file upload.txt (compact mmCIF, C-alpha atoms)
# COMPACT_ATOMS: atom_id res chain seq x y z
CA MET E 1 15.91 -22.83 48.15
CA LYS E 2 14.82 -26.25 49.39
CA LEU E 3 16.70 -28.41 51.87
CA TYR E 4 16.38 -32.17 52.20
CA ARG E 5 16.79 -33.91 55.54
CA THR E 6 16.30 -37.66 56.02
CA ARG E 7 15.80 -40.29 58.67
CA GLU E 8 15.29 -44.03 58.23
CA GLY E 9 14.53 -47.04 60.35
CA GLU E 10 12.34 -50.09 60.72
CA ALA E 11 9.00 -50.90 62.30
CA THR E 12 9.23 -54.38 63.77
CA ALA E 13 5.90 -54.58 65.62
CA VAL E 14 2.40 -53.95 64.32
CA ASP E 15 0.45 -50.91 65.52
CA THR E 16 3.50 -49.54 67.30
CA LYS E 17 4.68 -45.95 67.01
CA THR E 18 8.35 -46.22 65.98
CA GLN E 19 10.68 -43.23 65.78
CA LEU E 20 13.05 -43.03 62.82
CA THR E 21 16.34 -41.77 64.22
CA THR E 22 19.18 -42.86 61.92
CA ALA E 23 20.40 -42.01 58.44
CA GLY E 24 22.31 -45.05 57.28
CA SER E 25 25.92 -44.63 58.32
CA GLU E 26 24.87 -41.75 60.58
CA THR E 27 23.74 -43.80 63.55
CA ALA E 28 23.27 -40.78 65.80
CA PRO E 29 22.63 -37.76 63.58
CA GLY E 30 20.98 -35.89 66.44
CA PRO E 31 17.77 -33.91 66.40
CA LEU E 32 16.33 -33.01 63.03
CA LEU E 33 16.05 -29.24 63.33
CA VAL E 34 14.30 -26.91 60.90
CA PRO E 35 17.11 -25.26 58.88
CA ALA E 36 17.60 -21.51 58.98
CA GLY E 37 15.50 -19.73 56.39
CA SER E 38 12.89 -22.47 56.14
CA THR E 39 9.31 -21.65 57.06
CA LYS E 40 7.43 -24.76 56.01
CA ILE E 41 7.62 -28.40 55.07
CA VAL E 42 6.71 -28.43 51.38
CA GLY E 43 6.71 -32.21 51.06
CA VAL E 44 8.04 -35.56 52.11
CA ILE E 45 9.74 -38.21 50.01
CA VAL E 46 9.02 -41.68 51.35
CA ALA E 47 9.97 -45.24 50.47
CA ALA E 48 9.04 -48.35 52.41
CA MET E 49 9.27 -52.10 51.96
CA GLN E 50 8.51 -55.17 54.04
CA ASN E 51 10.89 -58.08 54.64
CA MET E 52 8.22 -60.62 53.63
CA ALA E 53 8.82 -62.81 56.68
CA VAL E 54 5.12 -63.57 57.29
CA ALA E 55 2.39 -64.44 54.80
CA THR E 56 -0.02 -61.62 55.50
CA GLY E 57 -0.68 -57.98 54.63
CA TYR E 58 -0.20 -54.52 56.10
CA SER E 59 -0.59 -50.82 55.56
CA ALA E 60 1.78 -48.10 56.70
CA PHE E 61 1.86 -44.41 57.52
CA ILE E 62 4.20 -41.87 59.05
CA ARG E 63 3.74 -39.27 61.76
CA LEU E 64 5.40 -35.86 61.86
CA GLU E 65 5.53 -34.41 65.35
CA GLY E 66 7.65 -32.16 67.54
CA PRO E 67 7.81 -28.55 68.68
CA ALA E 68 8.63 -27.29 65.18
CA LEU E 69 5.15 -28.06 63.88
CA GLN E 70 3.13 -24.93 64.51
CA GLU E 71 -0.24 -26.59 63.90
CA GLY E 72 0.44 -29.82 65.79
CA PRO E 73 1.11 -33.41 64.72
CA GLU E 74 0.43 -34.71 61.23
CA SER E 75 -0.08 -38.26 59.96
CA ILE E 76 0.41 -39.30 56.32
CA ALA E 77 -0.48 -42.54 54.52
CA VAL E 78 2.50 -44.13 52.78
CA CYS E 79 1.86 -47.58 51.35
CA ALA E 80 0.27 -51.01 51.73
CA GLY E 81 1.46 -54.48 50.80
CA GLY E 82 1.22 -58.18 51.41
CA ASN E 83 2.95 -61.51 50.96
CA ALA E 84 1.15 -64.55 49.60
CA VAL E 85 3.81 -66.80 51.09
CA ALA E 86 6.78 -66.40 53.41
CA THR E 87 8.88 -68.82 51.39
CA GLY E 88 9.94 -66.66 48.50
CA GLY E 89 9.61 -63.03 47.59
CA ASN E 90 11.66 -60.26 46.05
CA ASN E 91 10.54 -56.72 45.35
CA ALA E 92 11.67 -53.12 45.11
CA THR E 93 9.90 -49.80 44.73
CA ALA E 94 10.73 -46.20 44.02
CA ALA E 95 10.11 -43.50 46.59
CA VAL E 96 7.14 -41.17 46.24
CA PHE E 97 6.95 -37.42 46.72
CA ILE E 98 3.99 -36.24 48.78
CA PRO E 99 3.37 -32.49 48.54
CA LEU E 100 2.57 -30.77 51.84
CA GLU E 101 2.32 -27.29 53.28
CA ILE E 102 3.08 -27.47 56.99
CA PRO E 103 4.29 -24.30 58.76
CA VAL E 104 7.35 -24.85 60.95
CA THR E 105 9.52 -22.86 63.34
CA VAL E 106 13.21 -22.47 62.55
CA ALA E 107 15.68 -24.24 64.84
CA ASN E 108 12.96 -26.36 66.43
CA GLU E 109 12.82 -30.14 66.19
CA VAL E 110 10.78 -32.36 63.88
CA LEU E 111 10.22 -35.93 65.05
CA ILE E 112 9.50 -38.62 62.47
CA TYR E 113 7.64 -41.81 63.34
CA ALA E 114 6.46 -44.74 61.23
CA GLU E 115 3.89 -47.44 61.85
CA MET E 116 3.05 -50.81 60.34
CA CYS E 117 -0.70 -51.46 60.62
CA GLY E 118 -3.12 -54.27 59.93
CA THR E 119 -1.19 -57.47 60.53
CA ASP E 120 2.48 -58.07 61.25
CA VAL E 121 4.42 -58.88 58.07
CA GLY E 122 7.67 -59.16 59.99
CA GLN E 123 9.36 -55.83 59.47
CA VAL E 124 8.87 -52.71 57.36
CA ASN E 125 11.78 -50.43 56.60
CA PHE E 126 11.09 -46.74 56.00
CA GLY E 127 13.09 -43.89 54.53
CA VAL E 128 11.56 -40.44 55.05
CA THR E 129 12.93 -37.23 53.60
CA ILE E 130 11.52 -33.92 54.77
CA VAL E 131 11.66 -31.21 52.14
CA PHE E 132 12.01 -27.78 53.77
CA GLY E 133 11.21 -24.61 51.88
CA GLY E 134 10.93 -20.91 52.47
CA MET B 1 27.09 -26.18 27.99
CA ALA B 2 26.21 -29.43 29.68
CA SER B 3 23.23 -29.17 31.96
CA THR B 4 23.15 -32.76 33.19
CA LEU B 5 25.44 -34.94 35.22
CA THR B 6 24.89 -38.68 35.47
CA LEU B 7 26.70 -40.86 37.98
CA GLU B 8 26.31 -44.48 38.98
CA GLY B 9 27.80 -46.90 41.42
CA ASP B 10 27.46 -49.98 43.57
CA LEU B 11 26.52 -50.21 47.24
CA ALA B 12 28.22 -53.34 48.50
CA THR B 13 27.81 -52.80 52.23
CA VAL B 14 24.81 -51.78 54.28
CA ASP B 15 24.89 -48.52 56.25
CA LEU B 16 28.08 -47.40 54.54
CA ARG B 17 28.38 -44.04 52.86
CA THR B 18 29.63 -44.82 49.35
CA ASN B 19 30.80 -42.17 46.90
CA ILE B 20 29.16 -42.43 43.48
CA THR B 21 31.85 -41.39 41.06
CA THR B 22 31.62 -43.30 37.79
CA GLN B 23 29.52 -43.02 34.64
CA GLY B 24 29.66 -46.41 33.01
CA SER B 25 32.43 -46.28 30.44
CA VAL B 26 33.64 -42.96 31.83
CA ALA B 27 35.58 -43.82 34.95
CA ALA B 28 36.04 -40.31 36.31
CA PRO B 29 33.50 -37.80 35.03
CA SER B 30 33.73 -34.22 36.22
CA THR B 31 31.53 -33.37 39.19
CA ILE B 32 32.02 -29.63 38.82
CA VAL B 33 28.85 -27.54 38.58
CA PRO B 34 28.73 -26.05 35.05
CA ALA B 35 29.51 -22.34 34.79
CA GLY B 36 26.43 -20.17 35.03
CA ARG B 37 24.32 -22.83 36.74
CA THR B 38 23.14 -21.99 40.25
CA LYS B 39 20.62 -24.72 41.03
CA ILE B 40 19.94 -28.41 40.76
CA LYS B 41 16.47 -28.19 39.30
CA ARG B 42 15.57 -31.82 38.71
CA ILE B 43 16.81 -35.21 39.84
CA MET B 44 16.22 -38.58 38.22
CA VAL B 45 17.38 -41.51 40.30
CA ALA B 46 16.85 -45.26 40.47
CA ALA B 47 18.16 -47.82 42.94
CA SER B 48 17.56 -51.44 43.83
CA SER B 49 19.48 -54.40 45.17
CA GLU B 50 20.46 -57.77 43.77
CA GLY B 51 18.02 -59.43 46.17
CA LEU B 52 20.53 -62.05 47.24
CA ALA B 53 19.96 -61.76 50.98
CA ASP B 54 16.89 -61.67 53.21
CA GLY B 55 15.60 -58.43 54.72
CA ALA B 56 14.32 -55.00 53.83
CA SER B 57 16.34 -51.96 52.89
CA VAL B 58 15.96 -48.35 51.85
CA PHE B 59 18.28 -46.35 49.61
CA LEU B 60 19.44 -42.81 50.30
CA LEU B 61 21.10 -40.32 47.94
CA ARG B 62 23.46 -37.74 49.40
CA ILE B 63 24.10 -34.52 47.49
CA GLY B 64 26.96 -32.64 49.09
CA GLY B 65 30.34 -31.13 48.47
CA ASN B 66 31.69 -27.62 48.38
CA ALA B 67 29.19 -26.60 45.71
CA VAL B 68 26.07 -27.26 47.77
CA ARG B 69 24.69 -24.36 49.77
CA GLY B 70 22.77 -24.97 52.98
CA GLY B 71 24.44 -28.26 53.78
CA GLU B 72 24.24 -31.76 52.37
CA SER B 73 20.82 -32.82 51.14
CA VAL B 74 19.88 -36.44 51.84
CA ILE B 75 17.02 -37.87 49.79
CA THR B 76 15.15 -41.16 50.10
CA VAL B 77 15.23 -42.90 46.73
CA ALA B 78 13.81 -46.42 46.90
CA ALA B 79 13.22 -49.51 49.03
CA ALA B 80 13.72 -53.23 48.51
CA GLY B 81 12.84 -56.47 50.27
CA ARG B 82 13.55 -60.15 49.92
CA ILE B 83 12.79 -63.47 51.59
CA ALA B 84 14.54 -66.66 50.53
CA VAL B 85 12.70 -68.79 48.04
CA GLN B 86 12.02 -72.38 48.91
CA SER B 87 14.18 -75.01 47.28
CA GLY B 88 13.47 -75.44 43.59
CA SER B 89 11.67 -72.13 43.21
CA ASP B 90 12.59 -68.87 41.54
CA ALA B 91 12.07 -65.34 42.79
CA ALA B 92 10.97 -62.38 40.74
CA ALA B 93 13.53 -59.77 39.79
CA GLN B 94 13.81 -56.38 41.44
CA PHE B 95 13.18 -53.51 39.06
CA VAL B 96 12.71 -49.86 39.90
CA PRO B 97 12.02 -47.19 37.27
CA ALA B 98 13.68 -43.86 37.86
CA LEU B 99 12.11 -41.53 40.37
CA VAL B 100 11.74 -38.04 38.86
CA LEU B 101 11.85 -35.15 41.31
CA ASN B 102 10.94 -31.84 39.69
CA ASP B 103 11.46 -28.40 41.16
CA VAL B 104 14.20 -29.72 43.42
CA ASP B 105 15.66 -26.24 43.94
CA ILE B 106 18.97 -27.12 45.60
CA GLU B 107 21.26 -24.09 45.39
CA VAL B 108 24.80 -24.71 44.16
CA THR B 109 27.85 -22.63 43.39
CA PRO B 110 28.93 -22.63 39.73
CA SER B 111 32.36 -24.10 39.00
CA ASP B 112 32.58 -25.69 42.43
CA THR B 113 32.64 -29.41 43.18
CA LEU B 114 29.79 -31.77 44.04
CA SER B 115 30.21 -34.89 46.15
CA ILE B 116 27.54 -37.47 45.39
CA ALA B 117 27.16 -40.48 47.66
CA ALA B 118 24.55 -43.13 48.40
CA GLU B 119 23.72 -45.72 51.00
CA MET B 120 21.75 -48.93 51.38
CA CYS B 121 20.22 -48.83 54.86
CA GLY B 122 18.49 -51.30 57.14
CA SER B 123 19.20 -54.85 55.99
CA ASP B 124 21.75 -55.92 53.41
CA THR B 125 19.58 -57.33 50.63
CA GLY B 126 22.53 -57.89 48.32
CA THR B 127 24.66 -55.35 46.53
CA GLY B 128 22.72 -52.22 45.68
CA HIS B 129 23.03 -50.35 42.41
CA ILE B 130 22.15 -46.71 41.91
CA VAL B 131 22.13 -44.28 39.01
CA VAL B 132 21.36 -40.58 39.31
CA THR B 133 21.08 -37.68 36.89
CA LEU B 134 21.23 -34.10 38.12
CA PHE B 135 19.74 -31.36 35.93
CA PHE B 136 21.34 -27.97 36.45
CA GLY B 137 19.67 -24.63 35.87
CA THR B 138 19.31 -21.13 37.20
call {"tool": "encode", "arguments": {"input": "upload.txt", "output": "structure tokens"}}
result
Amino acid sequence: MKLYRTREGEATAVDTKTQLTTAGSETAPGPLLVPAGSTKIVGVIVAAMQNMAVATGYSAFIRLEGPALQEGPESIAVCAGGNAVATGGNNATAAVFIPLEIPVTVANEVLIYAEMCGTDVGQVNFGVTIVFGG
Amino acid sequence: MASTLTLEGDLATVDLRTNITTQGSVAAPSTIVPAGRTKIKRIMVAASSEGLADGASVFLLRIGGNAVRGGESVITVAAAGRIAVQSGSDAAAQFVPALVLNDVDIEVTPSDTLSIAAEMCGSDTGTGHIVVTLFFGT
């Protein structure tokens, strides 16, 4: 059995570690704990998009941290993008599944962070789903 | 025996859990897990917004209800962004092909009820639209 747990949020400053703590209407979902019966993170599903407020480019990655990660923090590349102008843009993208094999400890917390790198495009919104498996 | 369930709906408000209950011309399709099926094995899902407001958003799919074992699964589906075009210009359309997630392995109880919901999160980039197909198996 696999279980899917998600956090989302926005990075508003370049090169700044930003924790993702909400899940849409769940503004305070609490700590993201490894579900009972799960022994590893088998993947993440990630989508991100910039608000196109500045004519420049960026890259982005996420960090998985917290006491649940038996082998320490992980960092994972997510996407890159840019805006030719800040006076007109419209875009959408599907999420991607990134397979992983990260051992975790049940009932311990996973912390999810995101970062916008390169130059500041204004804001990048991230959705990150952790796929837990046995 | 049907092994798929497709639902679609609109997300008119940001950060609002919205039940996805319709199937186009079918206003109230059954959301009961088919008899003999114990897992959601694959998900196809697409979402985007109308791009009528500035900002950036992400879309989440929520698979819950009495049928789902282990608690509601929340899955990131897509993201969208928009900045206003200058006067006299046009913006490109938003288009997102369906995301296909294989080997999903969400355990469900046959003949029990699913509750499928979705959310547009972050900024309101205009009404979101989402369509999802669940593939049941054993």
call {"tool": "residues_near_point", "arguments": {"input": "upload.txt", "point": "(15.8, -38.5, 57.3)", "cutoff": "12 Å", "atoms": "only C-alpha atoms", "output": "PyMOL selection string"}}
result
(chain E and resi 3-9+19-33+44-47+64+110-114+126-132) or (chain B and resi 58-62+72-77+121)
call {"tool": "residues_near_point", "arguments": {"input": "upload.txt", "point": "(14.4, -18.7, 52.9)", "cutoff": "6 Å", "atoms": "all atoms listed in the file", "output": "ChimeraX atom specification"}}
result
/E:37-38,134
call {"tool": "closest_residue", "arguments": {"input": "upload.txt", "among": "B:Gly137, B:Gly88, B:Gly70, B:Gly24", "to": "chain E", "atoms": "all atoms listed in the file"}}
result
B:Gly70
call {"tool": "atom_distance", "arguments": {"input": "upload.txt", "atom1": "atom CA of B:Thr13", "atom2": "atom CA of E:Ala53"}}
result
21.9 Å
call {"tool": "closest_atom_pairs", "arguments": {"input": "upload.txt", "of": "stretch 64-114 of chain B", "to": "stretch 88-93 of chain E", "cutoff": "12 Å", "atoms": "all atoms listed in the file", "output": "CSV"}}
result
residue,atom,partner,partner_atom,distance
B:Thr76,CA,E:Thr93,CA,11.4
B:Val77,CA,E:Thr93,CA,8.9
B:Ala78,CA,E:Thr93,CA,5.6
B:Ala79,CA,E:Thr93,CA,5.4
B:Ala80,CA,E:Ala92,CA,4.0
B:Gly81,CA,E:Asn91,CA,5.4
B:Arg82,CA,E:Asn90,CA,4.3
B:Ile83,CA,E:Gly89,CA,5.1
B:Ala84,CA,E:Gly88,CA,5.0
B:Val85,CA,E:Gly88,CA,3.5
B:Gln86,CA,E:Gly88,CA,6.1
B:Ser87,CA,E:Gly88,CA,9.4
B:Gly88,CA,E:Gly88,CA,10.7
B:Ser89,CA,E:Gly88,CA,7.8
B:Asp90,CA,E:Gly88,CA,7.8
B:Ala91,CA,E:Gly89,CA,5.9
B:Ala92,CA,E:Asn90,CA,5.8
B:Ala93,CA,E:Asn90,CA,6.6
B:Gln94,CA,E:Asn91,CA,5.1
B:Phe95,CA,E:Ala92,CA,6.2
B:Val96,CA,E:Thr93,CA,5.6
B:Pro97,CA,E:Thr93,CA,8.2
B:Ala98,CA,E:Thr93,CA,9.8
B:Leu99,CA,E:Thr93,CA,9.6
call {"tool": "closest_residue", "arguments": {"input": "upload.txt", "among": "B:Thr109, B:Ser123, B:Leu5, B:Gly128", "to": "B:Arg42", "atoms": "only C-alpha atoms"}}
result
B:Leu5
call {"tool": "residues_around", "arguments": {"input": "upload.txt", "residues": "B:Gly71", "least_positions_apart": "2", "cutoff": "12 Å", "atoms": "all atoms listed in the file", "output": "list in words"}}
result
Met1, Lys2, Leu3, Tyr4, Arg5, Pro35 and Ala36 of chain E; Arg62, Ile63, Gly64, Gly65, Asn66, Ala67, Val68, Arg69, Ser73, Val74, Ile106, Glu107, Val108, Leu114 and Ser115 of chain B
call {"tool": "residues_around", "arguments": {"input": "upload.txt", "residues": "E:Val121", "least_positions_apart": "6", "cutoff": "12 Å", "atoms": "all atoms listed in the file", "output": "PyMOL selection string"}}
result
(chain E and resi 11-15+49-60+80-86) or (chain B and resi 55-56+81+83)
call {"tool": "write_last_selection", "arguments": {"input": "upload.txt", "atoms": "C-alpha atoms", "output": "short mmCIF file (atom, residue, chain, number, x, y, z; two decimals), in the coordinates of the input"}}
result
data_model
loop_
_atom_site.label_atom_id
_atom_site.label_comp_id
_atom_site.auth_asym_id
_atom_site.auth_seq_id
_atom_site.Cartn_x
_atom_site.Cartn_y
_atom_site.Cartn_z
CA ALA E 11 9.00 -50.90 62.30
CA THR E 12 9.23 -54.38 63.77
CA ALA E 13 5.90 -54.58 65.62
CA VAL E 14 2.40 -53.95 64.32
CA ASP E 15 0.45 -50.91 65.52
CA MET E 49 9.27 -52.10 51.96
CA GLN E 50 8.51 -55.17 54.04
CA ASN E 51 10.89 -58.08 54.64
CA MET E 52 8.22 -60.62 53.63
CA ALA E 53 8.82 -62.81 56.68
CA VAL E 54 5.12 -63.57 57.29
CA ALA E 55 2.39 -64.44 54.80
CA THR E 56 -0.02 -61.62 55.50
CA GLY E 57 -0.68 -57.98 54.63
CA TYR E 58 -0.20 -54.52 56.10
CA SER E 59 -0.59 -50.82 55.56
CA ALA E 60 1.78 -48.10 56.70
CA ALA E 80 0.27 -51.01 51.73
CA GLY E 81 1.46 -54.48 50.80
CA GLY E 82 1.22 -58.18 51.41
CA ASN E 83 2.95 -61.51 50.96
CA ALA E 84 1.15 -64.55 49.60
CA VAL E 85 3.81 -66.80 51.09
CA ALA E 86 6.78 -66.40 53.41
CA GLY B 55 15.60 -58.43 54.72
CA ALA B 56 14.32 -55.00 53.83
CA GLY B 81 12.84 -56.47 50.27
CA ILE B 83 12.79 -63.47 51.59
#
call {"tool": "atom_distance", "arguments": {"input": "upload.txt", "atom1": "atom CA of B:Ala28", "atom2": "atom CA of B:Leu7"}}
result
9.5 Å
call {"tool": "build_atoms", "arguments": {"input": "upload.txt", "residues": "stretch 5-40 of chain B", "atoms": "N, CA and C atoms", "output": "compact mmCIF listing (two decimals), in the frame of the given file"}}
result
# COMPACT_ATOMS: atom_id res chain seq x y z
N LEU B 5 24.33 -34.12 34.72
CA LEU B 5 25.44 -34.94 35.22
C LEU B 5 24.86 -36.26 35.67
N THR B 6 25.34 -37.34 35.08
CA THR B 6 24.89 -38.68 35.47
C THR B 6 26.04 -39.43 36.13
N LEU B 7 25.72 -40.05 37.25
CA LEU B 7 26.70 -40.86 37.98
C LEU B 7 26.03 -42.16 38.39
N GLU B 8 26.85 -43.19 38.53
CA GLU B 8 26.31 -44.48 38.98
C GLU B 8 27.35 -45.20 39.82
N GLY B 9 26.87 -46.15 40.60
CA GLY B 9 27.80 -46.90 41.42
C GLY B 9 27.12 -48.04 42.15
N ASP B 10 27.92 -48.80 42.85
CA ASP B 10 27.46 -49.98 43.57
C ASP B 10 27.54 -49.74 45.07
N LEU B 11 26.59 -50.34 45.79
CA LEU B 11 26.52 -50.21 47.24
C LEU B 11 26.68 -51.61 47.83
N ALA B 12 27.91 -51.95 48.14
CA ALA B 12 28.22 -53.34 48.50
C ALA B 12 28.01 -53.63 49.97
N THR B 13 27.90 -52.60 50.78
CA THR B 13 27.81 -52.80 52.23
C THR B 13 26.69 -51.95 52.79
N VAL B 14 25.93 -52.52 53.71
CA VAL B 14 24.81 -51.78 54.28
C VAL B 14 25.31 -50.72 55.26
N ASP B 15 24.57 -49.61 55.32
CA ASP B 15 24.89 -48.52 56.25
C ASP B 15 26.31 -48.01 56.08
N LEU B 16 26.75 -47.92 54.85
CA LEU B 16 28.08 -47.40 54.54
C LEU B 16 27.96 -46.33 53.47
N ARG B 17 28.39 -45.13 53.83
CA ARG B 17 28.38 -44.04 52.86
C ARG B 17 29.35 -44.38 51.72
N THR B 18 28.82 -44.41 50.49
CA THR B 18 29.63 -44.82 49.35
C THR B 18 29.60 -43.71 48.29
N ASN B 19 30.75 -43.20 47.92
CA ASN B 19 30.80 -42.17 46.90
C ASN B 19 30.43 -42.75 45.55
N ILE B 20 29.60 -42.01 44.82
CA ILE B 20 29.16 -42.43 43.48
C ILE B 20 29.93 -41.58 42.49
N THR B 21 30.88 -42.19 41.80
CA THR B 21 31.85 -41.39 41.06
C THR B 21 32.00 -41.76 39.60
N THR B 22 31.40 -42.85 39.17
CA THR B 22 31.62 -43.30 37.79
C THR B 22 30.38 -43.07 36.93
N GLN B 23 30.61 -43.21 35.62
CA GLN B 23 29.52 -43.02 34.64
C GLN B 23 29.68 -44.09 33.56
N GLY B 24 29.51 -45.31 33.96
CA GLY B 24 29.66 -46.41 33.01
C GLY B 24 31.06 -46.45 32.42
N SER B 25 31.15 -46.21 31.13
CA SER B 25 32.43 -46.28 30.44
C SER B 25 33.35 -45.12 30.79
N VAL B 26 32.82 -44.10 31.40
CA VAL B 26 33.64 -42.96 31.83
C VAL B 26 33.96 -43.15 33.31
N ALA B 27 35.20 -43.42 33.59
CA ALA B 27 35.58 -43.82 34.95
C ALA B 27 35.63 -42.64 35.92
N ALA B 28 35.88 -41.45 35.40
CA ALA B 28 36.04 -40.31 36.31
C ALA B 28 35.43 -39.05 35.70
N PRO B 29 34.12 -39.00 35.58
CA PRO B 29 33.50 -37.80 35.03
C PRO B 29 33.65 -36.61 35.97
N SER B 30 33.63 -35.43 35.41
CA SER B 30 33.73 -34.22 36.22
C SER B 30 32.48 -34.04 37.06
N THR B 31 32.67 -33.67 38.32
CA THR B 31 31.53 -33.37 39.19
C THR B 31 31.48 -31.88 39.52
N ILE B 32 32.03 -31.09 38.64
CA ILE B 32 32.02 -29.63 38.82
C ILE B 32 30.70 -29.07 38.27
N VAL B 33 30.08 -28.19 39.03
CA VAL B 33 28.85 -27.54 38.58
C VAL B 33 29.18 -26.67 37.36
N PRO B 34 28.44 -26.84 36.26
CA PRO B 34 28.73 -26.05 35.05
C PRO B 34 28.66 -24.55 35.33
N ALA B 35 29.51 -23.80 34.65
CA ALA B 35 29.51 -22.34 34.79
C ALA B 35 28.13 -21.77 34.48
N GLY B 36 27.71 -20.82 35.27
CA GLY B 36 26.43 -20.17 35.03
C GLY B 36 25.23 -20.89 35.61
N ARG B 37 25.45 -22.08 36.16
CA ARG B 37 24.32 -22.83 36.74
C ARG B 37 24.33 -22.64 38.26
N THR B 38 23.21 -22.30 38.82
CA THR B 38 23.14 -21.99 40.25
C THR B 38 22.22 -22.93 41.03
N LYS B 39 21.55 -23.82 40.33
CA LYS B 39 20.62 -24.72 41.03
C LYS B 39 20.64 -26.12 40.42
N ILE B 40 20.38 -27.10 41.25
CA ILE B 40 19.94 -28.41 40.76
C ILE B 40 18.43 -28.32 40.68
